[in-house]
Structures are given as C-alpha cells and as structure tokens.
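Working notes, structure below.
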Amino acid sequence: MSAPTGPDATSLDRDVDASAGTELPAVRLGAAVATSRRRIVRRLLRRPAGVVGIALTGAVVAVGLLAPVLAPFDPFAVVGPSLSPPSGAHPMGTDALGRDLLSGVIFGARTSLVVVGLVGVLVLVIGVAIGTISSYLGGWTDDLLMRMTELFQVLPRFFLAIVVIAFFGAGLGLLVLVLGLTSWALLARVVRSEVLSLKEREFVEAARASGASGARIVVQDILPNALPAGLAFLGLILAQVLLIEASLGFIGLGDPNVVSWGYLASQAQRFLRVAWWMSVFPGLAIAVAVLGLNLLSDALTDVLGSSR
Amino acid sequence: MSERNDPVLSIRDLVVRFDVPEGTVHAVEGVSYDVGPGETLGVVGESGCGKSVTVMAALGLLPCPPARVVGGEAVLEGRDLLRLSPRELRSVRGKEIAMVFQDPMTSLHPAYTVGDQVAEAVRAHDAGRSGQAAWGRAVELLELVGVPDAGARARTYPHQWSGGMRQRAMIAMAIAHRPKVLIADEPTTALDVTVQAQVLDVLRQVQQETSSAIVLITHDLGVIAEMADRVVVMYAGRVVETGDTTAIFRTPHHPYTAGLLACLPRLELEGQPLPAIPGAPPNLVDPPAGCAFHPRCGLRQGRARCVVEVPALADVGEGHRAACHFSEELAKTPLAAPPETAARR
Amino acid sequence: MTLRYVGWRLLQVVPTAAAILLIGFLLIHLAPGDPVLALAGESGNAEYYAFIRAKFGLDQPLPQQLLTYTGRVLQADLGTSYLQGRPVADIVAERIPATILLSATALALSSIGGVLLGVYVAARPHGVRDTTVSSTVLAVYAAPVFWLGQLAILLLALRTGWFPVQGMRSPGSNAGGLAALLDIAHHLALPAVVLASQELAAVYRLTRAGLADELASDHVRTARAKGLSGRRVMLKHALRRPLVPVATVIGGRAGHVLSGAVVIEVVFGWPGLGRLLLNSLQSRDTPVVLGIFLVVAFAVVLANLATDFAYRWLDPRVRYR
C-alpha cells in the first residue's frame, strides 16, 4: 500500500520481515530456512486460494493413490447396461460398452498422477540443474544454456509429443519422457534468476567469507532458498502438462493399456447427443486437478512475493 | 491574520485515515490551514507527517480504499471540494488547482511525447481547442518555463529529457489554465542541487505570470526559507506550528520546529556533522498518546501533561500559532540558535 | 527499431529453425523401421519407396542426408502422403486457412475480451465484481478445451439448437456471397468463443495486474491531477503500458492457441489442420503428421519473431535504443 499513497505513508513498519532476513547469522542457515519454510506453509493456509489449492490437489493425489481401493469396478470391465445415466449403481453412469465411468475417472486420476509426478521429477531435476549451472558459471555457458532454454520455450510441446507418439507408438514411458524433456524451460529460468539474486544476499556473502566453497554455497545455502519460487512455477508447469496429457488422450494418443481422463472424454465425443455424463465427469475431473495446481502455485507465488 | 484577503483555499479540520492490514493509519488528524491569493505557503515536515495526504485528499486523488476521508472540509472559493461530485471535482483539478509532483522521472507517462502530455492538459479544460492549437499552446507553455528549443523537444519522449527539464514540463502542464492554487509536492527533492535552484526560479517566475497561490510541500527548510511567505509545520498528521516565515525561523515556538531548524546546515558550522532530532517519526497506526512529539521532545523533561493532553494550536504572536504546552519555555531558552543565515538567504 | 536489430533478431531465428529441422530429421531416422516409412508411409509400393529414397538421398551418409532433407524442407517439400498420394505440403496448405480463421478469431476475441474484462475489474478491484470475474476466468482456464467444447455443444447446440454442432458449412448448402459468409460465421462462433474463453485468462490476468500497478503509478496520478475523465485516464494513461506485455503474450501464445485449435477442430469437426492431424494419426499417415509439426513449429517461431518486433515498436524507450 505504500505505492498508492505516495511518500507520506512510509512510516508504517512493514519491513520487519525483510530486516530480520538480512540480519541472519553468518554460517548456520539450516534453522532459518526451516522456519521460513514453516512460515510459507502457515501463510499458504491463511489464503483461500492456498487452502482450496491444497485441498483439490490433495484430493486428486489421494484418489490416484487409493484408486484400486476406491473404485467400485475394474475400469475396463463391462459391468452394466451400456450408456446408462448416473444412478445409484453407477454414480457417473456407464459408457457405450457398459463400463463404469466412476471407476474410469478414479483410475484416470492414477494415470494423471503417474504422468504428472514423473514429469515433475524430470522437470525439477533438469530445470534446477540447468538454472543453477547457468547462473553459477555465467559467461558463455550461461549464454548457451539460456539460448537452449529459449528454444525449448518456443517449441510447441503438444505437437512435438504428437509426432513422437505417432512415430514411436503410444505409451506412458514415452509420454513422460517427451513432456519431461521439453517442459523444464520456465523452471530453469526461474531458478536461474532466483540464484542470481540470492547470490547477492548478505548471508551468502557471509558463507563465502567463512570459507565455504562455491559449489557448497550453491547446494547448501542458495538452492534451498531458491526452491520455493521454483516450486510455485513447477505447479503451473505441471498443470499445463496435465492438460497436454489429457489432450493427447483425447485425440487418441494415450497409452491404450491404462484409462486416462482424456481417453474417457474422447469416448464421449461420439455419444454427446445421448450420454452427456460421459463428457461431463471426466472433464470435471481434469478441471479440478488443473485448478488445484494453478491455485496452489498462485497462492505460493503470492506468499513468496509478499514476504520479500 | 484577519486583515488578510479571504483565503483562496482553506483546509478545515481535515481527518484522513488509511485502512491497512496492520490497523488504521491516522494519517491526517484535524489539519487546518489557509492559503491566501498569490501567497506562497510552505508546508514542512518529515515524510509520513501527512503533508501530501492533506492536499491529495482535497483533490480527491487518494485511492479509496485504503484511504478514507473521515471529516473536515477543503473550501475553494466557497465550495467544499470534499463534497463535490467526481465530475465537479475533475473540473477543479488541473484548472483551478494544479499539482506538480515530487518525482519528474515517473510523473510523466513514458509512452507519450512530452508535448502530447502538455497539450492534453491544455485540452482537458478547453475541449473546444483543436489539437493543433493545443499543441501550439503546449509549446508556448514549455517556452515559458524555460525549455530551450521547445518546439522540437515537445516531440520527444520523457526518457530523453533530464530531470530538471521534466520538472519544468510538469510545471508547464500545471500552469496551463492559470490555476488559483498551484500545489508543488516536494518539487525539487528528486533533483540535483544545481537544478533545484533553477526549478524554484521557474516556480517563482510562473507565479508572477499567473498570480497563483503556491502550496509548497517540502521537508527542506532551506526551500521554505527561500520561497515561502508563511509556513505550516506538520508532525504526525497535525499542524504543530504556523506563522510567517521570518517569525518561524527567528522564534520557533514548537520544539519540533526548533529541532528541524537545528538540523539546517549552517555556514559557520560547516564541516561538523549535522545534528538530528533523536528518535524516529511515530507509528501512525498506534500514535503516542498526548502530544505525538513527546517521545522525541527535549522540552518535555518527564512532565505528565505531554503524555495525557493533546496540545491545541494557540496564538504565540502576530499570526503565529504553536501547539505545545510549554512553548513559552522554548522562547526563553531556545533549543537551537535561530539560523539567521538560512532565513536571510 | 533499427535495421541492425531486425537483422540480428532474424539471425537468431536460424538456430531455432535448424533445431526444428533436426528434430524432424532425427524422428525420421530414430523411429522404429525404415526411415522411408516415415516419409512415404506404409503403403508397401516398392517402386514408390525407391523413388522417395532417391529423392531424399536415403542411401547417402547421414550428414549428406541431413543436408538433402534441409534442402527439401526449405523448398516446401515435406514428402508425400501415402493415403492421398499427393505432396504433404499441398495437403497441409489446403487446411491452413480454416485453422488460421479459427485461431485468429479466437486470438482476437480473447485479446479484446481479456483486456475489456481486465479494465472492467481494475476499475473497481477487490469487490464482488473482482471475485466473480477472477474465479470464473480461473475456472475456465483450468478446464480442458475439449471439455469446454463438449459442454458448449451440449448446452448451446444440442439443447437449444442455437448453433450448429459440426463443421464449417451447413451440409448441402451451396449458397455463395454473403449467405455463405454468414453460414461460416454461424459455424465459427462456438468453436472460436470456446477457444477464446480459454486463451482469455492470460490476457485478463496480465491486464488486471498491469492496470493495478499503473493505477497506483505517478504518471496516472498526474493524469488525474490534470482533470482528465476517468475513462480517459484508464484507457489512454493506465492501459497503455500493460498493453505491451499483453501484445507480447498474444504472440507468445501462438503455440498454445494452435494446440487448442487442433483439439477444438476435433470436437467441432472444423476442417482444418486438427481434423487432418486426427485422420492422419488414425491412418498412420506419418508424413502428414510430421509435415503438420514442421509447419506449426515454424509458424510459432515466426509468431514469436513478430511479437518481438511489435514489442520493440510499442515501447518507445526500447524503440530508440
């Protein structure tokens, strides 16, 4: 609120956090990082976006993990009359072959969870590595890596995934690999700029003065502090990955051995006139999962931005 | 004060608060002052004392929320600005009351040419004027404030102008309609020392040209000494002292004013570190009880009255008022020698 | 924007374009089976394979092949569709106008709609209006585009009959002139609005955030102090700078819009690249799939380039440096 009221409102003491941050003791940062992490979680829970984001994301993860327990039927088994609307026996109805849609949606969560989780790991490893190396080494390495990052940002991931799958055949492993190898660019940029700005902060100076090596400073002191911002953007990236995975499933490029939400929605396309439920529930599931991730990263960005 | 002409702008008991997550900021707590036609009133105080908020509230330029104008009036020639509709207030802004802001680097729009922005000020209250005529007038105005080669420079963008030149452009905009009151909010603070004097000169010149009253808001007593006929000293959202410039500088009747004067650089003390008023400006979410200045006051000497009772402005001389329970003590034993040099400058 | 900058920026496109070509080349050679299959499909005509082999120099060493391939692609020779027996470039080119019509309409609608919504909300932030609009936009942004399409068909086409369900022209209609245009517009409305509603989120959020900053800025305060009308302050002074990143994000989202368009075309049976892609995938017509990838990738690179130039041109501070 300092901006809109001009120079006359600066006496509010709102810099308490910042000044506490700069007076960190020289070498032992572990404790400081832990408290700031706890503070981030506490602040997340104070925002509606944070609470809803955590709840939605948590629900999807839980359903994915517990799919075999939660699902009433095998998602591929014919268990009822075909194209029957939602009922007590089949809360989300059945598809054209008489398969239970609720079970499909529950197992679809598992598929999305696997894809998003594995892609997340790949993106995190590659993005953090490239961002850190780029900012730490600087010079031509930085230039080269950033040019490469720009290339990956421009590359239309969805279409690349389509050709790769068209050439190599559909499968979860390949899908994870393609999306993981092409989705890290944003994260690398965020990590790079975070590391660059943290390098200037006093406590890093202090660590350097106390004789710690460069690589050690990066791994021990800078990365843990750069990570929250990185995670905020990872959430956004994964939401996009989830949508791409669903779209691929929708145009028939999903792994034929597992149920995915996109596949379920593609099955609905031909029966829109007669079976609205086949479209409504899988799409809703995707929207919920993506919304959860988006809200979570929004809230995280918000929390991190306001604590600076 | 009674023999003066009727004031052109009169602020009466203005109260402005800000609602922030930490609580309520008591930014302006009952401020009153008058500006006579053609006079230059200096409003001085540390940043955060409410001196800008007062005029911004009068012009309806505060963002509401978080700002809230709780009470008082701001009377311009019989009309209370605080009770005007947004449309009516708009016809006052830039026409009858114009403003020059602190930072000329950010106060101009970076994406439009300077001439465009001055011409826009011309047309804002003269819609009948053609674009071409407004442009011509804009160039005239820029010449008037001493922009060299104004015709060509009007076609360039703010980032191609120096700070001093941009501030001249801001002044050109402000005087487009010969306003009755020109409010200059820290007009020289962001500028180099050499440029400061030039900009003040321009202000003086245009005042002669337009016979506007000037409200000069600053934290710099040097600027006040140079420009102002009368001074209003503000602290923590209140007026603590007001009077003719010479009287204020000769015989300050509020320890805060005295403290400010003691901080002025003086020729005979050159090379010595400047004294400063001990302590920091108060937190206006939870202002000190009684006199807001008491925690920093050298005159208080532990007396309870200062903590309990808010001192009212009282006459201490010819048109000279101060809000201190013990101002007569200050007159007897001044905390700081009156800086004659500054007053004479 | 100096000529030197234009040249330098054009030069920067070369490695990107090379990388895209390399991806295409690698796919052809890394894919299981004979590379000729990737260029000629699985039609099984030995004579034809020999022809393609010779044309793309598939008997030569790999570096040589890369050169030949690059030359072919640069001459817009993307191989031959085995399904239709025609050059891929021709087949793709036929479909481009429909996709461009859909994408461009959606892009225009989302840009205008996003900016308008941003202005509408920024005029009165932190109220019911803000909450309603922001959460709706967020929810729509999270929804997969094919689902929005299906819901639109369910509610606005099937249930009400207001809009056609499929295609670009009414079946059997051979009207010309204005009637044909109206017919196309009628078919275009639903897919374009659905695609736009999803793209709108980015523009909306950028506009709103930018306006929030600008409305608190010194130069907007100056504009207010001049006595300008609220509308003029908003549209001329506050909106000017946020429009620059908005323009940037529009170009930067070309890839996203095209991805969305492809999916939406499948939902609405719109006869563009998306339908072609789906048909080619189903019939394993790999040359066409690869051709679409190359065309889209180059289009995205060009859109980014155009965006960059637009950005330079819009911001006078950058323009004169």
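Following the order of the structure tokens, first chain is A, next is B, and so on, with residues numbered from 1 inside each chain and ligands from 1 in the order they appear.
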query = Tell me, which residues of region 21-154 of chain C carry DSSP alpha helix (DSSP H), written as a ChimeraX atom specification?
reply = /C:21-30,35-40,46-55,62-74,88-122,128-142,145-152
Restrict the selected residues to C-alpha atoms and save them as an mmCIF file, in the first residue's frame.
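again-v5.cif, written as the output of this step:
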```
data_model
loop_
_atom_site.group_PDB
_atom_site.id
_atom_site.type_symbol
_atom_site.label_atom_id
_atom_site.label_comp_id
_atom_site.auth_asym_id
_atom_site.auth_seq_id
_atom_site.Cartn_x
_atom_site.Cartn_y
_atom_site.Cartn_z
ATOM 1 C CA LEU C 21 14.592 -29.348 -38.775
ATOM 2 C CA LEU C 22 16.955 -31.517 -36.787
ATOM 3 C CA ILE C 23 14.068 -32.799 -34.669
ATOM 4 C CA GLY C 24 12.189 -33.757 -37.832
ATOM 5 C CA PHE C 25 15.257 -35.456 -39.267
ATOM 6 C CA LEU C 26 16.031 -37.330 -36.066
ATOM 7 C CA LEU C 27 12.448 -38.551 -35.780
ATOM 8 C CA ILE C 28 12.591 -39.986 -39.274
ATOM 9 C CA HIS C 29 15.791 -41.838 -38.513
ATOM 10 C CA LEU C 30 15.236 -42.829 -34.912
ATOM 11 C CA PRO C 35 13.220 -44.177 -42.493
ATOM 12 C CA VAL C 36 11.441 -44.331 -45.816
ATOM 13 C CA LEU C 37 8.294 -45.369 -43.970
ATOM 14 C CA ALA C 38 8.326 -42.061 -42.140
ATOM 15 C CA LEU C 39 8.462 -40.170 -45.401
ATOM 16 C CA ALA C 40 6.250 -42.329 -47.558
ATOM 17 C CA ALA C 46 8.433 -50.854 -53.633
ATOM 18 C CA GLU C 47 8.774 -48.687 -56.699
ATOM 19 C CA TYR C 48 7.430 -45.680 -54.824
ATOM 20 C CA TYR C 49 9.781 -46.316 -51.877
ATOM 21 C CA ALA C 50 12.703 -46.339 -54.277
ATOM 22 C CA PHE C 51 11.562 -43.029 -55.696
ATOM 23 C CA ILE C 52 11.339 -41.416 -52.223
ATOM 24 C CA ARG C 53 14.678 -42.974 -51.225
ATOM 25 C CA ALA C 54 16.341 -41.362 -54.171
ATOM 26 C CA LYS C 55 14.559 -38.050 -53.669
ATOM 27 C CA LEU C 62 23.723 -39.335 -42.669
ATOM 28 C CA PRO C 63 25.270 -35.819 -42.774
ATOM 29 C CA GLN C 64 24.610 -35.759 -46.501
ATOM 30 C CA GLN C 65 21.048 -36.851 -45.840
ATOM 31 C CA LEU C 66 20.567 -34.059 -43.337
ATOM 32 C CA LEU C 67 21.636 -31.568 -45.991
ATOM 33 C CA THR C 68 19.315 -33.075 -48.576
ATOM 34 C CA TYR C 69 16.470 -33.123 -46.056
ATOM 35 C CA THR C 70 17.064 -29.483 -45.135
ATOM 36 C CA GLY C 71 17.047 -28.529 -48.801
ATOM 37 C CA ARG C 72 13.816 -30.448 -49.383
ATOM 38 C CA VAL C 73 12.031 -28.864 -46.446
ATOM 39 C CA LEU C 74 13.238 -25.395 -47.367
ATOM 40 C CA VAL C 88 2.168 -33.254 -47.937
ATOM 41 C CA ALA C 89 2.798 -29.538 -48.416
ATOM 42 C CA ASP C 90 -0.279 -29.245 -50.648
ATOM 43 C CA ILE C 91 -2.491 -31.174 -48.259
ATOM 44 C CA VAL C 92 -1.352 -29.119 -45.284
ATOM 45 C CA ALA C 93 -1.633 -25.849 -47.186
ATOM 46 C CA GLU C 94 -5.270 -26.588 -48.033
ATOM 47 C CA ARG C 95 -6.120 -26.908 -44.372
ATOM 48 C CA ILE C 96 -4.225 -23.875 -43.109
ATOM 49 C CA PRO C 97 -6.870 -21.220 -43.923
ATOM 50 C CA ALA C 98 -9.561 -22.908 -41.822
ATOM 51 C CA THR C 99 -7.203 -23.241 -38.867
ATOM 52 C CA ILE C 100 -5.988 -19.666 -39.233
ATOM 53 C CA LEU C 101 -9.576 -18.427 -39.399
ATOM 54 C CA LEU C 102 -10.392 -20.272 -36.178
ATOM 55 C CA SER C 103 -7.173 -19.370 -34.336
ATOM 56 C CA ALA C 104 -7.096 -15.750 -35.415
ATOM 57 C CA THR C 105 -10.739 -15.221 -34.490
ATOM 58 C CA ALA C 106 -10.151 -16.829 -31.115
ATOM 59 C CA LEU C 107 -6.984 -14.825 -30.575
ATOM 60 C CA ALA C 108 -8.740 -11.574 -31.431
ATOM 61 C CA LEU C 109 -11.752 -12.392 -29.269
ATOM 62 C CA SER C 110 -9.596 -13.427 -26.327
ATOM 63 C CA SER C 111 -7.371 -10.355 -26.585
ATOM 64 C CA ILE C 112 -10.255 -7.922 -26.732
ATOM 65 C CA GLY C 113 -12.294 -9.828 -24.171
ATOM 66 C CA GLY C 114 -9.377 -10.234 -21.794
ATOM 67 C CA VAL C 115 -8.437 -6.557 -21.941
ATOM 68 C CA LEU C 116 -12.044 -5.441 -21.514
ATOM 69 C CA LEU C 117 -12.569 -7.743 -18.543
ATOM 70 C CA GLY C 118 -9.296 -6.553 -17.046
ATOM 71 C CA VAL C 119 -10.349 -2.912 -17.387
ATOM 72 C CA TYR C 120 -13.809 -3.694 -16.036
ATOM 73 C CA VAL C 121 -12.400 -5.321 -12.920
ATOM 74 C CA ALA C 122 -9.491 -2.938 -12.365
ATOM 75 C CA VAL C 128 -17.836 -8.849 -5.692
ATOM 76 C CA ARG C 129 -17.138 -7.999 -9.312
ATOM 77 C CA ASP C 130 -13.462 -8.851 -8.962
ATOM 78 C CA THR C 131 -14.115 -12.125 -7.151
ATOM 79 C CA THR C 132 -16.762 -13.280 -9.616
ATOM 80 C CA VAL C 133 -14.816 -12.475 -12.765
ATOM 81 C CA SER C 134 -11.455 -13.650 -11.467
ATOM 82 C CA SER C 135 -12.699 -17.003 -10.218
ATOM 83 C CA THR C 136 -14.723 -17.651 -13.379
ATOM 84 C CA VAL C 137 -11.709 -16.893 -15.533
ATOM 85 C CA LEU C 138 -9.553 -19.126 -13.361
ATOM 86 C CA ALA C 139 -12.033 -21.992 -13.572
ATOM 87 C CA VAL C 140 -12.377 -21.716 -17.349
ATOM 88 C CA TYR C 141 -8.593 -21.562 -17.660
ATOM 89 C CA ALA C 142 -8.296 -24.825 -15.732
ATOM 90 C CA VAL C 145 -10.512 -27.020 -24.048
ATOM 91 C CA PHE C 146 -12.165 -30.131 -25.479
ATOM 92 C CA TRP C 147 -14.405 -30.326 -22.430
ATOM 93 C CA LEU C 148 -15.466 -26.698 -22.792
ATOM 94 C CA GLY C 149 -16.221 -27.536 -26.418
ATOM 95 C CA GLN C 150 -18.293 -30.530 -25.475
ATOM 96 C CA LEU C 151 -20.195 -28.560 -22.848
ATOM 97 C CA ALA C 152 -20.835 -25.810 -25.393
#
```
Write out as a Markdown table the residues of chain A that have any atom within 7 Å of an atom of chain C, one row each with the nearest atom pair and its distance in Å to one decimal, counting only C-alpha atoms, sorted by chain and then rising number.
```
| residue | atom | partner | partner_atom | distance |
| --- | --- | --- | --- | --- |
| A:Ala3 | CA | C:Ala216 | CA | 6.1 |
| A:Pro4 | CA | C:Ala216 | CA | 4.7 |
| A:Leu151 | CA | C:Thr16 | CA | 6.0 |
| A:Val154 | CA | C:Val301 | CA | 6.6 |
| A:Leu155 | CA | C:Ala297 | CA | 6.4 |
| A:Pro156 | CA | C:Gly255 | CA | 5.4 |
| A:Phe158 | CA | C:Ser259 | CA | 6.4 |
| A:Phe159 | CA | C:Phe293 | CA | 5.7 |
| A:Leu160 | CA | C:Phe293 | CA | 6.7 |
| A:Val163 | CA | C:Leu290 | CA | 6.0 |
| A:Ala166 | CA | C:Leu281 | CA | 6.6 |
| A:Phe167 | CA | C:Ala31 | CA | 5.6 |
| A:Phe168 | CA | C:Ala31 | CA | 5.8 |
| A:Leu243 | CA | C:Pro144 | CA | 6.1 |
| A:Ser247 | CA | C:Val263 | CA | 7.0 |
| A:Ile251 | CA | C:Leu278 | CA | 6.7 |
| A:Leu272 | CA | C:Leu154 | CA | 6.8 |
| A:Arg273 | CA | C:Leu158 | CA | 7.0 |
| A:Ser279 | CA | C:Gln150 | CA | 6.9 |
| A:Gly283 | CA | C:Trp147 | CA | 5.3 |
| A:Ile286 | CA | C:Ala143 | CA | 6.7 |
| A:Ala287 | CA | C:Ala143 | CA | 4.3 |
| A:Val290 | CA | C:Ala142 | CA | 5.2 |
| A:Leu291 | CA | C:Ala142 | CA | 5.0 |
```
request  = Give as a ChimeraX atom specification every residue of chain B that touches chain A within 8 Å, counting only C-alpha atoms.
outcome  = /B:20,27,47-53,62-63,66,281-285
inquiry  = Could you work out which residues of chain C fall inside 9 Å of chain B? Count only C-alpha atoms, and format the result as a list in words.
reply    =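 Within 9 Å of chain B on chain C, we get Ala216, Ser217, Asp218, His219, Val220, Arg221, Thr222, Ala223, Arg224, Ala225, Lys226, Gly227, Leu228, Ser229, His237, Arg240, Arg241, Leu314, Asp315, Pro316 and Arg317 of chain C.
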Next, dump the selected residues to file, keeping only C-alpha atoms, as a CSV table (one decimal), in the first residue's frame.
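Full text of selection-v2.csv as output:
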```csv
chain,number,residue,atom,x,y,z
C,216,ALA,CA,-1.1,3.3,-8.5
C,217,SER,CA,1.7,5.0,-10.6
C,218,ASP,CA,2.9,8.5,-10.5
C,219,HIS,CA,2.0,9.2,-14.1
C,220,VAL,CA,-1.5,8.1,-13.7
C,221,ARG,CA,-1.8,10.4,-10.7
C,222,THR,CA,-0.5,13.2,-12.9
C,223,ALA,CA,-3.2,12.4,-15.5
C,224,ARG,CA,-5.8,12.5,-12.7
C,225,ALA,CA,-4.4,15.8,-11.4
C,226,LYS,CA,-4.8,17.3,-14.9
C,227,GLY,CA,-8.6,16.8,-14.5
C,228,LEU,CA,-8.9,14.1,-17.2
C,229,SER,CA,-12.0,12.0,-17.2
C,237,HIS,CA,-2.8,6.5,-19.5
C,240,ARG,CA,-1.1,2.0,-22.5
C,241,ARG,CA,1.8,0.2,-20.8
C,314,LEU,CA,5.2,-0.4,-28.9
C,315,ASP,CA,7.7,0.7,-26.2
C,316,PRO,CA,9.3,4.0,-27.2
C,317,ARG,CA,12.0,3.6,-24.6
```
note = The residue from A:Leu174, A:Ala232, A:Ala209, A:Leu248 with the smallest atom-to-atom distance to Trp261 (chain A), counting only C-alpha atoms, is A:Leu248
message = Need to verify the contact set: Ala312 (chain B), 8 Å, only C-alpha atoms, exclusion of same-chain residues closer than 4 positions in sequence. Can you return it as a PyMOL selection string?
response = chain B and resi 322-324
key: Length of the CA of Pro224 (chain A) to CA of Thr182 (chain A) vector [Å]   =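 Computed distance, CA of Pro224 (chain A) to CA of Thr182 (chain A), equals 24.3 Å.
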task = Just the residues within 12 Å of Asp142 (chain A), please, counting only C-alpha atoms, with nothing from its chain fewer than 2 positions along; format it as JSON, numbers by chain.
result = {"A": [130, 131, 132, 133, 134, 135, 136, 137, 138, 139, 140, 144, 145, 146, 147, 148, 149, 188, 189, 192, 193, 196]}
Output file for the residues above (C-alpha atoms, as a compact mmCIF listing (two decimals), in the first residue's frame):
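The resulting file, result_22.txt, is reproduced below:
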```txt
# COMPACT_ATOMS: atom_id res chain seq x y z
CA ILE A 130 20.31 -26.03 -15.88
CA GLY A 131 19.18 -22.97 -13.95
CA THR A 132 21.82 -23.42 -11.29
CA ILE A 133 24.69 -24.26 -13.62
CA SER A 134 23.75 -21.37 -15.88
CA SER A 135 23.66 -18.79 -13.11
CA TYR A 136 26.64 -20.20 -11.25
CA LEU A 137 29.04 -20.49 -14.15
CA GLY A 138 27.82 -17.42 -16.06
CA GLY A 139 29.69 -16.32 -19.19
CA TRP A 140 29.27 -18.29 -22.39
CA LEU A 144 24.45 -21.15 -24.44
CA LEU A 145 22.14 -22.70 -21.84
CA MET A 146 19.77 -19.75 -21.98
CA ARG A 147 19.61 -19.90 -25.78
CA MET A 148 18.74 -23.55 -25.44
CA THR A 149 16.12 -22.72 -22.83
CA ALA A 188 15.27 -23.24 -15.42
CA ARG A 189 14.76 -19.51 -15.98
CA ARG A 192 18.49 -19.05 -12.61
CA SER A 193 17.13 -15.64 -11.72
CA LEU A 196 21.40 -14.81 -9.29
```
key: Shell of 12 Å around region 64-81 of chain A, only C-alpha atoms, local chain residues under 5 positions omitted, as an MDAnalysis selection string   = chainID A and resid 57:59 86:117 256:261 264 285 289
ask   = Could you state the separation of CA of Phe271 (chain A) and CA of Leu284 (chain A) in Å, given to one decimal place?
value =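 Interatomic distance, CA of Phe271 (chain A) to CA of Leu284 (chain A): 17.3 Å.
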inquiry  = I'd like the contact shell of region 315-317 of chain B - 12 Å cut-off, only C-alpha atoms, skipping same-chain residues fewer than 5 positions apart - returned as number ranges by chain.
reply    = B: 1, 240-244, 247-248, 251-254, 322-331
Please save C-alpha atoms of the selected residues as a PDB file, in the first residue's frame.
```pdb
ATOM      1  CA  MET B   1      -4.483  37.049  10.003  1.00  0.00           C
ATOM      2  CA  VAL B 240       2.166  21.885  15.207  1.00  0.00           C
ATOM      3  CA  GLU B 241       3.162  25.408  14.275  1.00  0.00           C
ATOM      4  CA  THR B 242       2.212  28.027  11.747  1.00  0.00           C
ATOM      5  CA  GLY B 243       3.248  31.603  11.133  1.00  0.00           C
ATOM      6  CA  ASP B 244       5.173  33.993   8.907  1.00  0.00           C
ATOM      7  CA  ALA B 247       8.795  34.564  12.695  1.00  0.00           C
ATOM      8  CA  ILE B 248       9.071  30.793  12.444  1.00  0.00           C
ATOM      9  CA  THR B 251      11.462  32.387  17.159  1.00  0.00           C
ATOM     10  CA  PRO B 252      10.188  28.846  16.728  1.00  0.00           C
ATOM     11  CA  HIS B 253       7.585  28.072  19.348  1.00  0.00           C
ATOM     12  CA  HIS B 254       7.429  24.320  18.935  1.00  0.00           C
ATOM     13  CA  ALA B 322       2.028  26.735  18.022  1.00  0.00           C
ATOM     14  CA  ALA B 323       0.732  23.520  19.567  1.00  0.00           C
ATOM     15  CA  CYS B 324       2.923  22.976  22.587  1.00  0.00           C
ATOM     16  CA  HIS B 325       2.024  23.104  26.273  1.00  0.00           C
ATOM     17  CA  PHE B 326       5.307  24.716  27.171  1.00  0.00           C
ATOM     18  CA  SER B 327       6.110  26.819  24.133  1.00  0.00           C
ATOM     19  CA  GLU B 328       6.906  29.887  26.256  1.00  0.00           C
ATOM     20  CA  GLU B 329       9.833  27.958  27.748  1.00  0.00           C
ATOM     21  CA  LEU B 330      11.221  27.460  24.291  1.00  0.00           C
ATOM     22  CA  ALA B 331      11.061  31.181  23.631  1.00  0.00           C
TER      23      ALA B 331
END
```
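Residues surrounding region 295-297 of chain A within 7 Å are Ala49, Gly50, Gly53, Ile54, Ala232, Phe233, Gly235, Leu236, Leu291, Gly292, Leu300 and Thr301 of chain A [only C-alpha atoms; sequence separation below 3 positions excluded].
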ask   = Taking only C-alpha atoms into account, which of B:Arg303, B:Ala280, B:Leu82, B:Ala236 comes nearest His26 (chain B)?
value =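 Under the stated criterion, the closest residue is B:Ala236.
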